[in-house]
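Below is work-v7.tsv, holding TSV, C-alpha atoms.
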chain	number	residue	atom	x	y	z
A	1	MET	CA	-47.34	-77.68	-314.99
A	2	SER	CA	-45.44	-75.41	-317.31
A	3	ALA	CA	-46.92	-73.11	-319.92
A	4	ASP	CA	-46.54	-75.68	-322.69
A	5	GLY	CA	-48.79	-78.05	-320.79
A	6	ALA	CA	-46.13	-80.76	-320.61
A	7	GLY	CA	-44.40	-79.96	-317.33
A	8	THR	CA	-40.99	-79.42	-318.95
A	9	LEU	CA	-40.01	-76.49	-316.77
A	10	PRO	CA	-40.81	-76.71	-313.03
A	11	PHE	CA	-40.29	-72.96	-312.71
A	12	ASN	CA	-41.80	-72.74	-309.24
A	13	SER	CA	-40.11	-75.80	-307.74
A	14	GLU	CA	-36.55	-74.62	-307.04
A	15	PRO	CA	-35.03	-71.74	-305.04
A	16	PHE	CA	-34.76	-68.56	-307.07
A	17	ASN	CA	-31.18	-67.79	-308.04
A	18	SER	CA	-30.81	-64.03	-307.75
A	19	GLU	CA	-27.07	-63.99	-308.45
A	20	PRO	CA	-26.30	-65.87	-311.68
A	21	PHE	CA	-22.85	-66.08	-313.20
A	22	ASN	CA	-23.12	-62.72	-314.99
A	23	SER	CA	-24.49	-60.52	-312.22
A	24	ALA	CA	-23.20	-57.41	-314.04
A	25	LEU	CA	-26.04	-57.71	-316.57
A	26	PRO	CA	-29.00	-55.58	-315.42
A	27	PHE	CA	-31.93	-57.72	-314.26
A	28	ASP	CA	-35.06	-56.85	-312.30
A	29	SER	CA	-35.13	-59.72	-309.81
A	30	ALA	CA	-38.13	-58.26	-307.99
A	31	LEU	CA	-40.26	-58.46	-311.13
A	32	ALA	CA	-39.09	-62.04	-311.73
A	33	ARG	CA	-39.91	-63.03	-308.17
A	34	ARG	CA	-43.37	-61.57	-308.50
A	35	LEU	CA	-44.07	-63.79	-311.48
A	36	ARG	CA	-42.49	-66.74	-309.72
A	37	ARG	CA	-45.00	-66.47	-306.89
A	38	ALA	CA	-47.85	-67.00	-309.37
A	39	GLU	CA	-48.52	-70.74	-309.48
A	40	GLY	CA	-48.31	-72.30	-312.94
A	41	VAL	CA	-46.83	-69.22	-314.62
A	42	ASP	CA	-43.55	-69.28	-316.53
A	43	LEU	CA	-41.36	-66.23	-317.05
A	44	ALA	CA	-39.62	-65.73	-320.38
A	45	GLY	CA	-36.96	-63.13	-320.99
A	46	SER	CA	-36.78	-61.66	-324.49
A	47	ILE	CA	-33.08	-61.61	-325.31
A	48	TYR	CA	-33.85	-59.36	-328.29
A	49	ALA	CA	-34.41	-56.66	-325.67
A	50	VAL	CA	-30.71	-56.44	-324.81
A	51	PRO	CA	-27.89	-55.28	-327.09
A	52	ALA	CA	-26.64	-58.02	-329.40
A	53	PRO	CA	-23.26	-58.47	-327.64
A	54	ASP	CA	-25.08	-59.24	-324.36
A	55	ARG	CA	-27.63	-61.74	-325.68
A	56	SER	CA	-25.62	-64.89	-325.04
A	57	ALA	CA	-24.98	-63.83	-321.44
A	58	ALA	CA	-28.64	-62.86	-321.01
A	59	ALA	CA	-29.78	-66.28	-322.24
A	60	ARG	CA	-27.45	-68.11	-319.88
A	61	SER	CA	-28.53	-65.89	-317.01
A	62	LEU	CA	-32.19	-66.68	-317.73
A	63	ALA	CA	-31.47	-70.41	-317.85
A	64	GLU	CA	-29.74	-70.25	-314.48
A	65	ARG	CA	-32.82	-68.53	-313.10
A	66	GLN	CA	-35.03	-71.28	-314.55
A	67	ALA	CA	-36.72	-68.87	-316.92
A	68	TRP	CA	-37.43	-69.37	-320.62
A	69	VAL	CA	-35.15	-67.89	-323.26
A	70	HIS	CA	-37.40	-66.12	-325.77
A	71	ALA	CA	-35.60	-65.41	-329.06
A	72	ASP	CA	-37.27	-63.21	-331.68
A	73	VAL	CA	-36.39	-63.94	-335.29
A	74	PHE	CA	-37.24	-61.49	-338.08
A	75	ALA	CA	-37.16	-62.13	-341.82
A	76	ASP	CA	-34.30	-59.60	-341.87
A	77	ALA	CA	-31.48	-61.46	-340.14
A	78	ASP	CA	-29.87	-58.17	-339.10
A	79	ARG	CA	-32.86	-57.18	-336.94
A	80	GLY	CA	-33.60	-60.06	-334.61
A	81	VAL	CA	-31.66	-62.61	-332.60
A	82	SER	CA	-29.13	-64.30	-334.87
A	83	LEU	CA	-29.70	-67.91	-335.88
A	84	ASP	CA	-26.05	-68.63	-335.14
A	85	LEU	CA	-26.58	-67.63	-331.52
A	86	ILE	CA	-29.78	-69.66	-331.22
A	87	VAL	CA	-28.06	-72.75	-332.65
A	88	ALA	CA	-25.09	-72.25	-330.30
A	89	LEU	CA	-27.32	-71.90	-327.24
A	90	ALA	CA	-29.29	-74.99	-328.21
A	91	GLY	CA	-26.10	-76.96	-328.72
A	92	ASP	CA	-24.85	-75.92	-325.30
A	93	GLY	CA	-28.07	-77.02	-323.61
A	94	VAL	CA	-29.05	-73.49	-322.60
A	95	GLY	CA	-32.79	-73.24	-322.23
A	96	PRO	CA	-35.63	-73.92	-322.47
A	97	ILE	CA	-35.65	-71.89	-325.69
A	98	ASP	CA	-38.73	-70.51	-327.41
A	99	VAL	CA	-37.91	-69.31	-330.93
A	100	HIS	CA	-40.51	-66.74	-331.98
A	101	LEU	CA	-40.70	-66.34	-335.75
A	102	LEU	CA	-42.27	-62.90	-335.92
A	103	THR	CA	-43.57	-62.87	-339.49
A	104	ALA	CA	-44.48	-65.39	-342.16
A	105	ASP	CA	-41.28	-64.54	-344.05
A	106	ALA	CA	-39.28	-65.54	-340.97
A	107	LEU	CA	-40.43	-69.15	-341.47
A	108	ALA	CA	-37.45	-69.43	-343.80
A	109	ALA	CA	-35.50	-70.04	-340.58
A	110	LEU	CA	-37.36	-73.27	-339.77
A	111	ASP	CA	-34.62	-75.54	-341.10
A	112	ALA	CA	-32.14	-73.88	-338.75
A	113	VAL	CA	-34.27	-73.94	-335.60
A	114	CYS	CA	-36.08	-77.29	-335.89
A	115	ARG	CA	-33.36	-79.03	-333.95
A	116	PRO	CA	-32.53	-80.65	-330.60
A	117	GLY	CA	-32.13	-78.10	-327.84
A	118	ILE	CA	-35.07	-75.97	-328.99
A	119	THR	CA	-38.12	-76.54	-326.82
A	120	ARG	CA	-40.72	-74.50	-328.68
A	121	ILE	CA	-41.17	-72.64	-331.94
A	122	THR	CA	-43.85	-69.96	-332.04
A	123	VAL	CA	-45.14	-69.09	-335.51
A	124	PRO	CA	-47.37	-66.22	-336.61
A	125	PHE	CA	-50.93	-66.84	-337.67
A	126	GLU	CA	-50.96	-63.89	-340.05
A	127	GLY	CA	-49.67	-64.69	-343.52
A	128	VAL	CA	-49.19	-68.43	-342.93
A	129	ALA	CA	-51.34	-70.32	-345.41
A	130	ASP	CA	-51.29	-73.71	-343.67
A	131	VAL	CA	-50.65	-73.54	-339.93
A	132	GLY	CA	-51.31	-77.28	-339.62
A	133	ALA	CA	-48.53	-78.16	-342.07
A	134	VAL	CA	-46.05	-75.83	-340.37
A	135	ALA	CA	-46.98	-77.16	-336.94
A	136	GLY	CA	-46.59	-80.72	-338.18
A	137	ARG	CA	-43.14	-79.96	-339.54
A	138	ILE	CA	-42.13	-78.48	-336.18
A	139	ARG	CA	-43.57	-81.35	-334.18
A	140	ALA	CA	-41.83	-83.93	-336.39
A	141	SER	CA	-38.50	-82.42	-335.35
A	142	GLY	CA	-39.30	-82.97	-331.67
A	143	VAL	CA	-40.14	-79.32	-330.98
A	144	ARG	CA	-43.49	-78.06	-329.70
A	145	PRO	CA	-45.41	-75.64	-331.97
A	146	TRP	CA	-47.18	-72.55	-330.64
A	147	LEU	CA	-49.14	-69.91	-332.52
A	148	ALA	CA	-48.84	-66.12	-332.13
A	149	ILE	CA	-51.62	-63.72	-333.04
A	150	SER	CA	-51.15	-60.00	-333.67
A	151	PRO	CA	-53.21	-57.35	-331.84
A	152	GLY	CA	-55.59	-56.88	-334.77
A	153	THR	CA	-56.43	-60.57	-335.15
A	154	PRO	CA	-59.60	-61.70	-333.36
A	155	LEU	CA	-59.47	-65.06	-331.64
A	156	SER	CA	-62.36	-66.34	-333.75
A	157	ARG	CA	-60.29	-65.96	-336.91
A	158	CYS	CA	-57.65	-68.44	-335.76
A	159	ALA	CA	-59.97	-70.93	-334.05
A	160	ASP	CA	-59.30	-73.73	-336.55
A	161	ALA	CA	-55.54	-73.19	-336.44
A	162	LEU	CA	-55.48	-73.63	-332.66
A	163	ALA	CA	-56.27	-77.32	-333.08
A	164	HIS	CA	-52.77	-77.85	-334.52
A	165	VAL	CA	-50.66	-76.17	-331.83
A	166	ASP	CA	-49.81	-76.63	-328.16
A	167	GLY	CA	-50.33	-73.03	-327.07
A	168	LEU	CA	-51.22	-69.49	-328.06
A	169	LEU	CA	-49.11	-66.34	-327.69
A	170	VAL	CA	-51.23	-63.20	-327.60
A	171	MET	CA	-49.27	-60.20	-328.82
A	172	LEU	CA	-50.10	-57.02	-326.90
A	173	LEU	CA	-48.11	-54.93	-329.41
A	174	GLU	CA	-47.43	-55.35	-333.09
A	175	PRO	CA	-44.22	-57.36	-333.51
A	176	GLY	CA	-41.26	-55.00	-333.54
A	177	ASP	CA	-43.24	-51.98	-332.35
A	178	GLN	CA	-42.23	-49.87	-329.37
A	179	GLY	CA	-44.50	-48.70	-326.61
A	180	SER	CA	-46.69	-50.03	-323.84
A	181	SER	CA	-48.85	-53.13	-323.97
A	182	ASP	CA	-52.52	-52.84	-324.89
A	183	LEU	CA	-54.16	-54.53	-321.92
A	184	THR	CA	-57.58	-54.59	-323.57
A	185	LEU	CA	-56.20	-57.47	-325.64
A	186	LEU	CA	-56.07	-59.61	-322.50
A	187	ALA	CA	-59.68	-60.50	-323.26
A	188	LYS	CA	-58.24	-62.96	-325.81
A	189	VAL	CA	-56.27	-64.64	-323.03
A	190	ALA	CA	-59.32	-65.01	-320.83
A	191	GLU	CA	-61.28	-66.45	-323.75
A	192	ALA	CA	-58.66	-68.94	-324.93
A	193	ARG	CA	-57.17	-70.17	-321.65
A	194	GLU	CA	-59.75	-72.94	-321.14
A	195	ARG	CA	-58.78	-74.44	-324.48
A	196	LEU	CA	-54.98	-74.38	-324.31
A	197	PRO	CA	-52.06	-72.64	-322.53
A	198	VAL	CA	-51.90	-68.93	-323.36
A	199	GLY	CA	-48.96	-66.54	-323.12
A	200	VAL	CA	-48.55	-62.82	-323.62
A	201	ASP	CA	-45.80	-60.75	-325.20
A	202	GLY	CA	-45.18	-57.09	-325.96
A	203	GLY	CA	-44.39	-54.10	-323.74
A	204	ILE	CA	-45.16	-55.88	-320.47
A	205	GLY	CA	-43.85	-54.39	-317.23
A	206	ASP	CA	-44.41	-54.68	-313.51
A	207	ALA	CA	-47.47	-52.43	-313.59
A	208	ASP	CA	-49.20	-54.81	-316.02
A	209	LEU	CA	-48.70	-58.07	-314.12
A	210	THR	CA	-51.84	-57.95	-311.99
A	211	GLN	CA	-54.10	-57.77	-315.05
A	212	VAL	CA	-51.97	-60.21	-317.05
A	213	LEU	CA	-52.18	-62.85	-314.33
A	214	ALA	CA	-55.86	-62.22	-313.67
A	215	ALA	CA	-56.58	-62.89	-317.35
A	216	GLY	CA	-55.05	-66.34	-316.98
A	217	ALA	CA	-51.73	-66.07	-318.83
A	218	SER	CA	-49.42	-68.96	-318.03
A	219	TYR	CA	-46.39	-67.72	-320.02
A	220	VAL	CA	-45.25	-64.11	-319.75
A	221	VAL	CA	-42.58	-62.63	-322.02
A	222	VAL	CA	-40.82	-59.59	-320.60
A	223	GLY	CA	-38.14	-57.65	-322.44
A	224	ARG	CA	-36.74	-54.24	-321.52
A	225	GLN	CA	-38.54	-54.14	-318.16
A	226	LEU	CA	-36.75	-57.33	-317.08
A	227	PHE	CA	-33.25	-56.46	-318.28
A	228	ARG	CA	-32.85	-53.25	-316.36
A	229	THR	CA	-31.38	-52.00	-313.13
A	230	PRO	CA	-34.27	-51.99	-310.62
A	231	PRO	CA	-35.51	-48.56	-309.50
A	232	THR	CA	-33.53	-46.93	-306.70
A	233	THR	CA	-35.00	-46.27	-303.29
A	234	SER	CA	-34.91	-42.55	-304.06
A	235	GLY	CA	-37.62	-43.10	-306.63
A	236	GLY	CA	-35.46	-42.10	-309.56
A	237	PRO	CA	-35.95	-43.78	-312.92
A	238	ALA	CA	-34.27	-47.11	-313.58
A	239	HIS	CA	-31.39	-47.19	-316.01
A	240	ASN	CA	-32.34	-49.23	-319.08
A	241	ARG	CA	-29.65	-50.65	-321.36
A	242	SER	CA	-32.09	-52.18	-323.79
A	243	ASP	CA	-32.13	-51.27	-327.46
A	244	ASP	CA	-35.71	-52.53	-327.70
A	245	ASP	CA	-38.92	-51.17	-326.20
A	246	ARG	CA	-40.76	-54.45	-325.84
Show me, as structure tokens, the structure contained in the file I just sent.
Amino acid sequence: MSADGAGTLPFNSEPFNSEPFNSALPFDSALARRLRRAEGVDLAGSIYAVPAPDRSAAARSLAERQAWVHADVFADADRGVSLDLIVALAGDGVGPIDVHLLTADALAALDAVCRPGITRITVPFEGVADVGAVAGRIRASGVRPWLAISPGTPLSRCADALAHVDGLLVMLLEPGDQGSSDLTLLAKVAEARERLPVGVDGGIGDADLTQVLAAGASYVVVGRQLFRTPPTTSGGPAHNRSDDDR
């Protein structure tokens, strides 16, 4: 079963494609394979973590690898993944696509992204007055609603809102921040996973996966650590083309 609980993406059922059409785009296949070996866990690649000109190619590469396309949308259209690109990818059948509206102000994009070709829309808990109404609007368009909670939000605070969504995305960094994930926040995953599918997002790399999987995450968003040239055998640092430190 996939991370949305509906079995839409049999991520572990097909051979892993390590050489997609755009093999020139840096990609850590070893990290992806490690997640693939975890039963019931879906990998998502954050296309915001690559330079804007490469995002279409990154999304298509992820789709060929049977991974989710995770597209961050900010209230400021110049910061996140462009709505035009998301609409184009959806129209071309590239996916599954998870549109992550990072702030309450970004909900202005709902009219653009509640459309065929989008699998999931993840909305923030913070600043949204009526999560149930927003989730209902998303569901009416044929898209599955998820809820994201920021690092400072305790799970107890959003307990009522969880009844309206299909899954929970636990942010291990504040949206848009740079740095490493705060793994102490995985306690939220362990607490919520019996109630609904739970994913994690923010600064996650290979060194974090053991704890992330042990906590019970079934959807793992990886950004800059996925879209990089894997480390060389000499032990030198990997080259990272990302303009984002997620």
Give me the residues within 10 Å of Ala112 of chain A as a list in words, counting only C-alpha atoms and dropping any in the same chain fewer than 6 places off.
-> Leu83, Asp84, Ile86 and Val87 of chain A
Kindly give the distance, in Å, that separates atom CA of Ala32 of chain A and atom CA of Asp78 of chain A, rounded to a single decimal.
->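 Atom CA of Ala32 of chain A sits 29.1 Å away from atom CA of Asp78 of chain A.
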For atom CA of Gly95 of chain A and atom CA of Gln66 of chain A, quote the distance in Å rounded to one decimal.
->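 Separation between atom CA of Gly95 of chain A and atom CA of Gln66 of chain A: 8.2 Å.
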Coordinates-based distance that separates atom CA of Ser180 of chain A from atom CA of Ala75 of chain A (Å, one decimal) |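 For atom CA of Ala75 of chain A relative to atom CA of Ser180 of chain A, the distance reads 23.7 Å.
Between Ala71 of chain A and the residues A:Ala129, A:Thr210, A:Asp201, A:Val165, the shortest atom-to-atom distance, using only C-alpha atoms, involves A:Asp201.
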Exercise: Leu85 of chain A partners within 10 Å, only C-alpha atoms, chain neighbours under 3 positions left out, as JSON, numbers by chain = {"A": [52, 55, 56, 59, 71, 81, 82, 88, 89, 90, 91]}
Give the answer as one residue: which of A:Asp72, A:Glu194, A:Asp98, A:Asp206 has the shortest atom-to-atom distance to Leu31 of chain A, using only C-alpha atoms?
->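 Distance minimum relative to Leu31 of chain A lands on A:Asp206.
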Residues near segment 153-161 of chain A, cut-off 12 Å, all atoms listed in the file, skip fewer than 2 positions along chain, as number ranges by chain = A: 123-136, 145-151, 163-174, 185-193, 195-196, 198
Segment 128-133 of chain A, all listed atoms, 6 Å padding on each side: what axis-aligned box centre and edge lengths in Å to one decimal come out, as lines of an AutoDock Vina configuration file?
center_x = -49.9
center_y = -73.3
center_z = -342.5
size_x = 14.8
size_y = 21.7
size_z = 17.8
